[in-house]
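Notes to accompany the following structure.
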Amino acid sequence: MSEPKAPTPAPGDTYKGWLFKWTNYIKGYQRRWFVLSNGLLSYYRTQAEMGHTCRGTINLATANIAVEDSCNFVISNGGTQTYHLKASSEVERQRWITALELAKAKAFRMQAESDDSGDDSTPPATGQGAGSRNSEVQSTLRTLGSKVEDLSTCNDLIAKHGSALQRSLSELEGVRLGGETSEKIRQVTERATLFRITSNAMINACRDFLALAQTHSKRWQKALQAEREQRVRLEETLEQLAKQHNHLERAFRGATVLPASQSNPAIDSKGPVSGKGDASDEDEENEFFDACEDVQEFITVPADPKYHRRSGSNVSGISSELGMDDGTTSLDEQSLASNPESPQSQELVPVRKRRTRIPDKPNYSLNLWSIMKNCIGKELSKIPMPVNFNEPLSMLQRLSEDLEYYELLDRAAKCQSSLEQMCYVAAFTVSSYSTTVHRTGKPFNPLLGETFELDRVQESGYRSLCEQVSHHPPAAAHHAISERGWTLRQEIALASKFRGKYLSIMPLGSIHCIFEKSTNHYTWKKVTTTVHNIIVGKLWIDQSGEIDVVNHKTGDRCHLKFAPYSYFSRDVARKVTGVVTDKDGKAHYVLSGTWDEKMEYSRVMQSSRRGENGADGRQKTVYQTLKAKELWRKTPLPEGAENMYYFSTLALTLNELEEGVAPTDSRRRPDQRLMEQGRWEEANAEKQRLEEKQRTVRREREREANRAASPSEEGKESADGGGHQDNYKSMWFEQLVDPVTGEPTHIYKGGYWEAKEQGNWDSCPDIF
């Protein structure tokens, strides 16, 4: 008789063992090492891989476990992952099924408890009521603990008596009929009776435990809900107090800074000032804004009131007084002030009626951490992700969203002054981030050779083309040209790292903007995007870093600083500040605002160095400026945007089907289209097919390159790890050395729009 089987592991234990996993119709079932721990079933090719390479993980909390026959069973989480497994025997299969069911039940409870507990621990209660509640909870926990100990004891007894009963039955099989038969039968009867008694005790203990747990469950749920509501109220109160503190601190700083800045002859000539404040100065001083606080590079204060008394026609006179050059540094105040509203105030009636809605986002739950935990420190673009984390747009379409506020460049093209033009270009730079504030979904990684066109010539005067020119590292080239006198081009490669608590996305590459009339050539780079609360809490986006917008023709420069968000900061959230200087470093404009709402400009009248040092030990520059005027304001999101991935009006139209686009256009991508329609299970399957097709094409391209190479070159290429994307030639862009930055970049070589007009796409690759 075989040895009794090992007891099934408890729900919290780790269970390991070999199983056969179905791979494909060619290889069939393959032996894999499976590990069940903390509600997650992971597998590896060998036991040695456990320390570094996990081949796959499935969360049992949402999984379905089905038995097919004596040895086979299936685990699926609803379509994105399905494991067809086979055990070596029926007994081994039953052990795994028992362990999986126990782990699934515990994982489900843990997930429910995690959802109820929120992001942080419950605040400690205070007062006598809290003390009585705590004592009651402790008493109940002690009772439940004793019941658990009873269950553990009964479990040990059942295992013990069950083994003894099994041995007696085995011995009974080998007994010959005779005098000792009755003795053996008596022993079996006794042990069977003991087993029945302990089983009944186990059943009774389970019944008592279940009844007690059910009695207190509803009470605990109500108490937990009350604690959660109290926590929300405390958070709201704390936020209000922080805002009030910020407001009071600003008012205090304004009250202390403004009188010092007003110590000039124009005010002194009015006579002594009342010791109680500035109530008598309301006529003109109310036009000044408070000093910006806690900015490392500079401080702004209102300019002398004499500048405000001058009319618009005397702006050139101001420039003369301050020694400015009228030709290049004087900004036509009427030009900027004539359009105080957002650039959208000049909207043109579109020729084509475009869609204003897409299907609502399905409410599919997925444990982000269960997938991301194996990605810490890795390049995110190399990690296959289900569409559950995506939004139904590709990175090429996301890049085209930079043109959301193209009117800023239209206005810049009309400017006579290069410094005025710089203000608009800087505002355009900031506006490209306004669509990202709520967009926590990841855009689809474009396939190599994928394109996206945005033809808005009839509506807005511009047309744009993007192409994925490299896959590892992922890089996209973008070219846009407007009939209103500007060209925008860029090549952006994304480097991303997952750090456990947050995800950093670093765009690499320069953006160029050239104006036809003035031939001014501007360049800048993008800042770092950070996605917070990957592990726990609500995902949120932040932009941080510095940007230098440079006019390579005149030497003008705008230095923009994106302040990282901090809950305890006294600054406005998502704050952006900047200074526009000429080639000699002289400041002419100060820009301020937020990257998710608006940008304003203020004309600098005078500048000086502050006497005391800042926190960093350096003197700060103090700019006396005129009253701020609005450059740009974000257009409100369409109604119901929270159910449509927080898409803007432009973003809603980007994936709309259009006739005549190239067969490689992102609109034709099937997995993206399926996701937009809410068919996520099919989208995941289609995404895997496309990715595998791309890998097959890449391997074939590398083999052809190796065959074409000479033996020496082939050996060198093999030593370098293969050609990868070196053999790929872009359809519409060619790689050149940029004459301005000296960087290798892909520049549009022409031909796309002519091919579209002729309907000739024969040279396009089959990527979908």
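Going through the structure tokens in order, the chains are called A, B, and so on, while each chain numbers its residues from 1 and the ligands are numbered from 1 in the order shown.
Residues within 9 Å of A:His216, counting only C-alpha atoms and excluding same-chain residues fewer than 5 positions away, are Thr140, Ala211 and Gln221 of chain A.
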| message | Quick one: residues within 10 Å of A:Ser394, only C-alpha atoms, excluding same-chain residues fewer than 5 positions away - as a list in words? | response |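 Listed by chain and then number, they are Leu399, Ser400, Lys442, Pro443, Phe444, Asn445, Pro446, Leu447, Glu450, Thr451, Phe452, Leu654, Asn655, Ser666, Arg667, Arg669 and Gln672 of chain A.
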Just-selected residues, N, CA and C atoms written as a PDB file, in the first residue's frame:
```pdb
ATOM      1  N   LEU A 399       1.130  61.829 -30.310  1.00  0.00           N
ATOM      2  CA  LEU A 399       2.103  62.832 -30.731  1.00  0.00           C
ATOM      3  C   LEU A 399       1.441  63.923 -31.569  1.00  0.00           C
ATOM      4  N   SER A 400       0.469  63.524 -32.374  1.00  0.00           N
ATOM      5  CA  SER A 400      -0.250  64.511 -33.194  1.00  0.00           C
ATOM      6  C   SER A 400      -1.096  65.451 -32.347  1.00  0.00           C
ATOM      7  N   LYS A 442      -2.190  54.074 -21.229  1.00  0.00           N
ATOM      8  CA  LYS A 442      -0.976  53.999 -22.042  1.00  0.00           C
ATOM      9  C   LYS A 442      -1.366  53.906 -23.519  1.00  0.00           C
ATOM     10  N   PRO A 443      -0.806  54.766 -24.384  1.00  0.00           N
ATOM     11  CA  PRO A 443      -1.112  54.617 -25.812  1.00  0.00           C
ATOM     12  C   PRO A 443      -0.491  53.336 -26.367  1.00  0.00           C
ATOM     13  N   PHE A 444      -1.064  52.829 -27.443  1.00  0.00           N
ATOM     14  CA  PHE A 444      -0.530  51.636 -28.092  1.00  0.00           C
ATOM     15  C   PHE A 444       0.868  51.922 -28.637  1.00  0.00           C
ATOM     16  N   ASN A 445       1.786  50.979 -28.432  1.00  0.00           N
ATOM     17  CA  ASN A 445       3.098  51.098 -29.068  1.00  0.00           C
ATOM     18  C   ASN A 445       2.918  50.884 -30.568  1.00  0.00           C
ATOM     19  N   PRO A 446       3.314  51.846 -31.405  1.00  0.00           N
ATOM     20  CA  PRO A 446       3.134  51.660 -32.855  1.00  0.00           C
ATOM     21  C   PRO A 446       4.003  50.520 -33.379  1.00  0.00           C
ATOM     22  N   LEU A 447       3.504  49.834 -34.371  1.00  0.00           N
ATOM     23  CA  LEU A 447       4.291  48.831 -35.064  1.00  0.00           C
ATOM     24  C   LEU A 447       5.289  49.531 -35.979  1.00  0.00           C
ATOM     25  N   GLU A 450       4.327  51.801 -39.007  1.00  0.00           N
ATOM     26  CA  GLU A 450       2.982  52.346 -38.826  1.00  0.00           C
ATOM     27  C   GLU A 450       3.001  53.864 -39.024  1.00  0.00           C
ATOM     28  N   THR A 451       1.952  54.409 -39.597  1.00  0.00           N
ATOM     29  CA  THR A 451       1.872  55.848 -39.869  1.00  0.00           C
ATOM     30  C   THR A 451       0.562  56.396 -39.319  1.00  0.00           C
ATOM     31  N   PHE A 452       0.514  57.722 -39.243  1.00  0.00           N
ATOM     32  CA  PHE A 452      -0.742  58.401 -38.913  1.00  0.00           C
ATOM     33  C   PHE A 452      -0.728  59.776 -39.548  1.00  0.00           C
ATOM     34  N   LEU A 654      -9.376  61.483 -33.632  1.00  0.00           N
ATOM     35  CA  LEU A 654      -8.132  60.968 -34.217  1.00  0.00           C
ATOM     36  C   LEU A 654      -8.275  59.554 -34.754  1.00  0.00           C
ATOM     37  N   ASN A 655      -9.080  58.719 -34.110  1.00  0.00           N
ATOM     38  CA  ASN A 655      -9.223  57.337 -34.574  1.00  0.00           C
ATOM     39  C   ASN A 655     -10.464  57.135 -35.437  1.00  0.00           C
ATOM     40  N   SER A 666      -2.758  54.290 -38.399  1.00  0.00           N
ATOM     41  CA  SER A 666      -3.184  53.776 -37.089  1.00  0.00           C
ATOM     42  C   SER A 666      -4.683  53.526 -37.029  1.00  0.00           C
ATOM     43  N   ARG A 667      -5.459  54.241 -37.837  1.00  0.00           N
ATOM     44  CA  ARG A 667      -6.911  54.041 -37.838  1.00  0.00           C
ATOM     45  C   ARG A 667      -7.289  52.633 -38.292  1.00  0.00           C
ATOM     46  N   ARG A 669      -5.605  49.913 -37.527  1.00  0.00           N
ATOM     47  CA  ARG A 669      -5.042  48.906 -36.626  1.00  0.00           C
ATOM     48  C   ARG A 669      -6.177  48.152 -35.940  1.00  0.00           C
ATOM     49  N   GLN A 672      -6.537  48.073 -31.855  1.00  0.00           N
ATOM     50  CA  GLN A 672      -6.926  49.388 -31.344  1.00  0.00           C
ATOM     51  C   GLN A 672      -8.404  49.663 -31.612  1.00  0.00           C
TER      52      GLN A 672
END
```
Counting only C-alpha atoms, the residue among A:Ser88, A:Thr621, A:Thr741, A:Thr435 that lies closest to A:Gly17 is A:Ser88
Within stretch 417-584 of chain A, find each residue whose DSSP state, derived from the backbone, is strand (DSSP E or B), and express the selection as an MDAnalysis selection string.
chainID A and resid 442:444 451:456 462:470 475:482 486:498 502:508 511:515 521:524 528:532 540:551 557:562 575:581
Q) Neighbours of A:Glu491 within 12 Å (only C-alpha atoms; same-chain residues fewer than 2 positions away dropped), as a VMD selection string? A) chain A and resid 396 399 465 to 470 474 to 480 488 to 489 493 to 494 507 to 512 523 to 526 733 to 736 738 743 to 748
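Excluding A:Ala87 itself and same-chain residues fewer than 2 positions from it, the residues having an atom within 8 Å of it are Trp18, Leu19, Phe20, Cys71, Asn72, Leu85, Ser89, Glu90, Glu92 and Arg93 of chain A, counting only C-alpha atoms.
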Print the selection's residues with all heavy atoms to a file, as a PDB file, in the first residue's frame.
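Output below, filename out_11.pdb:
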```
ATOM      1  N   TRP A  18       5.873  20.527 -10.397  1.00  0.00           N
ATOM      2  CA  TRP A  18       5.931  20.453 -11.858  1.00  0.00           C
ATOM      3  C   TRP A  18       4.547  20.177 -12.430  1.00  0.00           C
ATOM      4  O   TRP A  18       3.804  19.352 -11.903  1.00  0.00           O
ATOM      5  CB  TRP A  18       6.881  19.349 -12.295  1.00  0.00           C
ATOM      6  CG  TRP A  18       8.326  19.635 -12.006  1.00  0.00           C
ATOM      7  CD1 TRP A  18       9.074  19.128 -10.995  1.00  0.00           C
ATOM      8  CD2 TRP A  18       9.179  20.485 -12.755  1.00  0.00           C
ATOM      9  NE1 TRP A  18      10.351  19.612 -11.055  1.00  0.00           N
ATOM     10  CE2 TRP A  18      10.455  20.450 -12.130  1.00  0.00           C
ATOM     11  CE3 TRP A  18       9.017  21.278 -13.892  1.00  0.00           C
ATOM     12  CZ2 TRP A  18      11.533  21.176 -12.606  1.00  0.00           C
ATOM     13  CZ3 TRP A  18      10.095  21.998 -14.375  1.00  0.00           C
ATOM     14  CH2 TRP A  18      11.340  21.956 -13.737  1.00  0.00           C
ATOM     15  N   LEU A  19       4.200  20.886 -13.479  1.00  0.00           N
ATOM     16  CA  LEU A  19       2.989  20.633 -14.252  1.00  0.00           C
ATOM     17  C   LEU A  19       3.338  20.736 -15.734  1.00  0.00           C
ATOM     18  O   LEU A  19       4.346  21.352 -16.119  1.00  0.00           O
ATOM     19  CB  LEU A  19       1.892  21.651 -13.911  1.00  0.00           C
ATOM     20  CG  LEU A  19       1.207  21.521 -12.543  1.00  0.00           C
ATOM     21  CD1 LEU A  19       0.310  22.722 -12.300  1.00  0.00           C
ATOM     22  CD2 LEU A  19       0.407  20.227 -12.452  1.00  0.00           C
ATOM     23  N   PHE A  20       2.487  20.151 -16.557  1.00  0.00           N
ATOM     24  CA  PHE A  20       2.664  20.266 -18.001  1.00  0.00           C
ATOM     25  C   PHE A  20       1.717  21.354 -18.512  1.00  0.00           C
ATOM     26  O   PHE A  20       0.515  21.301 -18.265  1.00  0.00           O
ATOM     27  CB  PHE A  20       2.385  18.926 -18.693  1.00  0.00           C
ATOM     28  CG  PHE A  20       3.394  17.868 -18.369  1.00  0.00           C
ATOM     29  CD1 PHE A  20       3.214  17.024 -17.275  1.00  0.00           C
ATOM     30  CD2 PHE A  20       4.538  17.732 -19.139  1.00  0.00           C
ATOM     31  CE1 PHE A  20       4.149  16.051 -16.962  1.00  0.00           C
ATOM     32  CE2 PHE A  20       5.482  16.749 -18.835  1.00  0.00           C
ATOM     33  CZ  PHE A  20       5.295  15.917 -17.746  1.00  0.00           C
ATOM     34  N   CYS A  71      -6.635  14.184 -15.410  1.00  0.00           N
ATOM     35  CA  CYS A  71      -5.340  14.841 -15.193  1.00  0.00           C
ATOM     36  C   CYS A  71      -5.314  16.300 -15.669  1.00  0.00           C
ATOM     37  O   CYS A  71      -4.427  17.058 -15.269  1.00  0.00           O
ATOM     38  CB  CYS A  71      -4.220  14.074 -15.906  1.00  0.00           C
ATOM     39  SG  CYS A  71      -3.942  12.413 -15.236  1.00  0.00           S
ATOM     40  N   ASN A  72      -6.231  16.702 -16.523  1.00  0.00           N
ATOM     41  CA  ASN A  72      -6.179  18.033 -17.133  1.00  0.00           C
ATOM     42  C   ASN A  72      -7.118  19.008 -16.422  1.00  0.00           C
ATOM     43  O   ASN A  72      -8.220  18.636 -15.998  1.00  0.00           O
ATOM     44  CB  ASN A  72      -6.573  17.971 -18.611  1.00  0.00           C
ATOM     45  CG  ASN A  72      -5.551  17.207 -19.432  1.00  0.00           C
ATOM     46  OD1 ASN A  72      -4.497  16.838 -18.927  1.00  0.00           O
ATOM     47  ND2 ASN A  72      -5.866  16.966 -20.685  1.00  0.00           N
ATOM     48  N   LEU A  85      -3.439  23.073 -18.317  1.00  0.00           N
ATOM     49  CA  LEU A  85      -2.436  22.374 -17.529  1.00  0.00           C
ATOM     50  C   LEU A  85      -2.780  20.887 -17.407  1.00  0.00           C
ATOM     51  O   LEU A  85      -3.952  20.490 -17.487  1.00  0.00           O
ATOM     52  CB  LEU A  85      -2.330  22.993 -16.134  1.00  0.00           C
ATOM     53  CG  LEU A  85      -2.067  24.509 -16.095  1.00  0.00           C
ATOM     54  CD1 LEU A  85      -2.086  25.019 -14.663  1.00  0.00           C
ATOM     55  CD2 LEU A  85      -0.750  24.841 -16.769  1.00  0.00           C
ATOM     56  N   SER A  89      -0.690  12.771 -12.471  1.00  0.00           N
ATOM     57  CA  SER A  89      -1.644  11.746 -12.043  1.00  0.00           C
ATOM     58  C   SER A  89      -2.904  12.432 -11.527  1.00  0.00           C
ATOM     59  O   SER A  89      -2.934  13.641 -11.312  1.00  0.00           O
ATOM     60  CB  SER A  89      -1.038  10.872 -10.943  1.00  0.00           C
ATOM     61  OG  SER A  89      -0.802  11.643  -9.770  1.00  0.00           O
ATOM     62  N   GLU A  90      -3.932  11.635 -11.324  1.00  0.00           N
ATOM     63  CA  GLU A  90      -5.183  12.185 -10.822  1.00  0.00           C
ATOM     64  C   GLU A  90      -5.019  12.713  -9.401  1.00  0.00           C
ATOM     65  O   GLU A  90      -5.578  13.749  -9.038  1.00  0.00           O
ATOM     66  CB  GLU A  90      -6.278  11.122 -10.869  1.00  0.00           C
ATOM     67  CG  GLU A  90      -7.645  11.641 -10.442  1.00  0.00           C
ATOM     68  CD  GLU A  90      -8.728  10.596 -10.589  1.00  0.00           C
ATOM     69  OE1 GLU A  90      -8.415   9.470 -11.047  1.00  0.00           O
ATOM     70  OE2 GLU A  90      -9.892  10.903 -10.254  1.00  0.00           O
ATOM     71  N   GLU A  92      -2.255  13.950  -8.074  1.00  0.00           N
ATOM     72  CA  GLU A  92      -1.510  15.221  -8.147  1.00  0.00           C
ATOM     73  C   GLU A  92      -2.410  16.347  -8.634  1.00  0.00           C
ATOM     74  O   GLU A  92      -2.338  17.480  -8.158  1.00  0.00           O
ATOM     75  CB  GLU A  92      -0.309  15.053  -9.078  1.00  0.00           C
ATOM     76  CG  GLU A  92       0.595  16.282  -9.164  1.00  0.00           C
ATOM     77  CD  GLU A  92       1.289  16.597  -7.858  1.00  0.00           C
ATOM     78  OE1 GLU A  92       1.366  15.697  -6.982  1.00  0.00           O
ATOM     79  OE2 GLU A  92       1.736  17.743  -7.690  1.00  0.00           O
ATOM     80  N   ARG A  93      -3.280  16.012  -9.611  1.00  0.00           N
ATOM     81  CA  ARG A  93      -4.220  17.040 -10.092  1.00  0.00           C
ATOM     82  C   ARG A  93      -5.130  17.509  -8.978  1.00  0.00           C
ATOM     83  O   ARG A  93      -5.403  18.699  -8.820  1.00  0.00           O
ATOM     84  CB  ARG A  93      -5.053  16.473 -11.238  1.00  0.00           C
ATOM     85  CG  ARG A  93      -5.967  17.519 -11.900  1.00  0.00           C
ATOM     86  CD  ARG A  93      -7.290  16.909 -12.287  1.00  0.00           C
ATOM     87  NE  ARG A  93      -8.039  16.510 -11.097  1.00  0.00           N
ATOM     88  CZ  ARG A  93      -9.164  15.811 -11.118  1.00  0.00           C
ATOM     89  NH1 ARG A  93      -9.667  15.408 -12.249  1.00  0.00           N
ATOM     90  NH2 ARG A  93      -9.787  15.504  -9.988  1.00  0.00           N
TER      91      ARG A  93
END
```
List as an mmCIF file with N, CA, C and O atoms, in the first residue's frame the protein and nucleic acid residues near A:Leu41, meaning an atom at most 8 Å away when only C-alpha atoms are counted, but skip any in the same chain fewer than 3 places from it.
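This is the output file selection_36.cif:
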```
data_model
loop_
_atom_site.group_PDB
_atom_site.id
_atom_site.type_symbol
_atom_site.label_atom_id
_atom_site.label_comp_id
_atom_site.auth_asym_id
_atom_site.auth_seq_id
_atom_site.Cartn_x
_atom_site.Cartn_y
_atom_site.Cartn_z
ATOM 1 N N PHE A 34 5.752 25.377 -11.506
ATOM 2 C CA PHE A 34 4.708 26.301 -11.075
ATOM 3 C C PHE A 34 4.858 26.600 -9.582
ATOM 4 O O PHE A 34 5.197 25.718 -8.787
ATOM 5 N N VAL A 35 4.581 27.889 -9.247
ATOM 6 C CA VAL A 35 4.653 28.340 -7.858
ATOM 7 C C VAL A 35 3.357 29.069 -7.526
ATOM 8 O O VAL A 35 2.973 30.026 -8.211
ATOM 9 N N LEU A 36 2.678 28.601 -6.479
ATOM 10 C CA LEU A 36 1.448 29.232 -6.009
ATOM 11 C C LEU A 36 1.764 29.950 -4.702
ATOM 12 O O LEU A 36 2.142 29.323 -3.719
ATOM 13 N N SER A 37 1.612 31.292 -4.701
ATOM 14 C CA SER A 37 1.953 32.075 -3.512
ATOM 15 C C SER A 37 1.150 33.358 -3.493
ATOM 16 O O SER A 37 1.055 34.056 -4.515
ATOM 17 N N THR A 57 2.217 35.135 -14.980
ATOM 18 C CA THR A 57 1.552 35.154 -13.673
ATOM 19 C C THR A 57 0.065 35.391 -13.886
ATOM 20 O O THR A 57 -0.323 36.208 -14.723
ATOM 21 N N ILE A 58 -0.766 34.667 -13.140
ATOM 22 C CA ILE A 58 -2.213 34.856 -13.223
ATOM 23 C C ILE A 58 -2.751 35.064 -11.812
ATOM 24 O O ILE A 58 -2.325 34.389 -10.859
ATOM 25 N N ASN A 59 -3.634 36.052 -11.684
ATOM 26 C CA ASN A 59 -4.224 36.385 -10.388
ATOM 27 C C ASN A 59 -5.446 35.492 -10.162
ATOM 28 O O ASN A 59 -6.410 35.526 -10.927
ATOM 29 N N LEU A 60 -5.400 34.701 -9.094
ATOM 30 C CA LEU A 60 -6.477 33.744 -8.849
ATOM 31 C C LEU A 60 -7.740 34.406 -8.315
ATOM 32 O O LEU A 60 -8.803 33.780 -8.312
#
```
*What does the distance from atom CA of A:Thr530 to atom CA of A:Lys501 come to in Å, to one decimal?*
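Distance between the two atoms: 10.4 Å.
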Can you list every residue in stretch 457-632 of chain A that DSSP puts in helix (DSSP H, G or I), as an MDAnalysis selection string?
-> chainID A and resid 457:460
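Restricting the calculation to only C-alpha atoms, the smallest distance between A:Asn551 and any of A:Thr436, A:Ser648, A:Ser217, A:Gln421 is found for A:Gln421.
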Might you pull out every residue within 9 Å of A:Thr62, with only C-alpha atoms counted and same-chain residues fewer than 4 positions away left off, and present them as a PyMOL selection string? chain A and resi 58+76-78+104+107-108+366
Computed gap from atom CA of A:Pro386 to atom CA of A:Ile65 is 21.0 Å
Of A:Thr198, A:Gln619, A:Ser544, A:Ser182, the one nearest to A:Ser152 when counting only C-alpha atoms is A:Thr198
- Task: Just give me the gap between atom CA of A:Leu212 and atom CA of A:Ala159 in Å, one decimal is fine.
- Result: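 Atom CA of A:Ala159 lies 25.4 Å from atom CA of A:Leu212.
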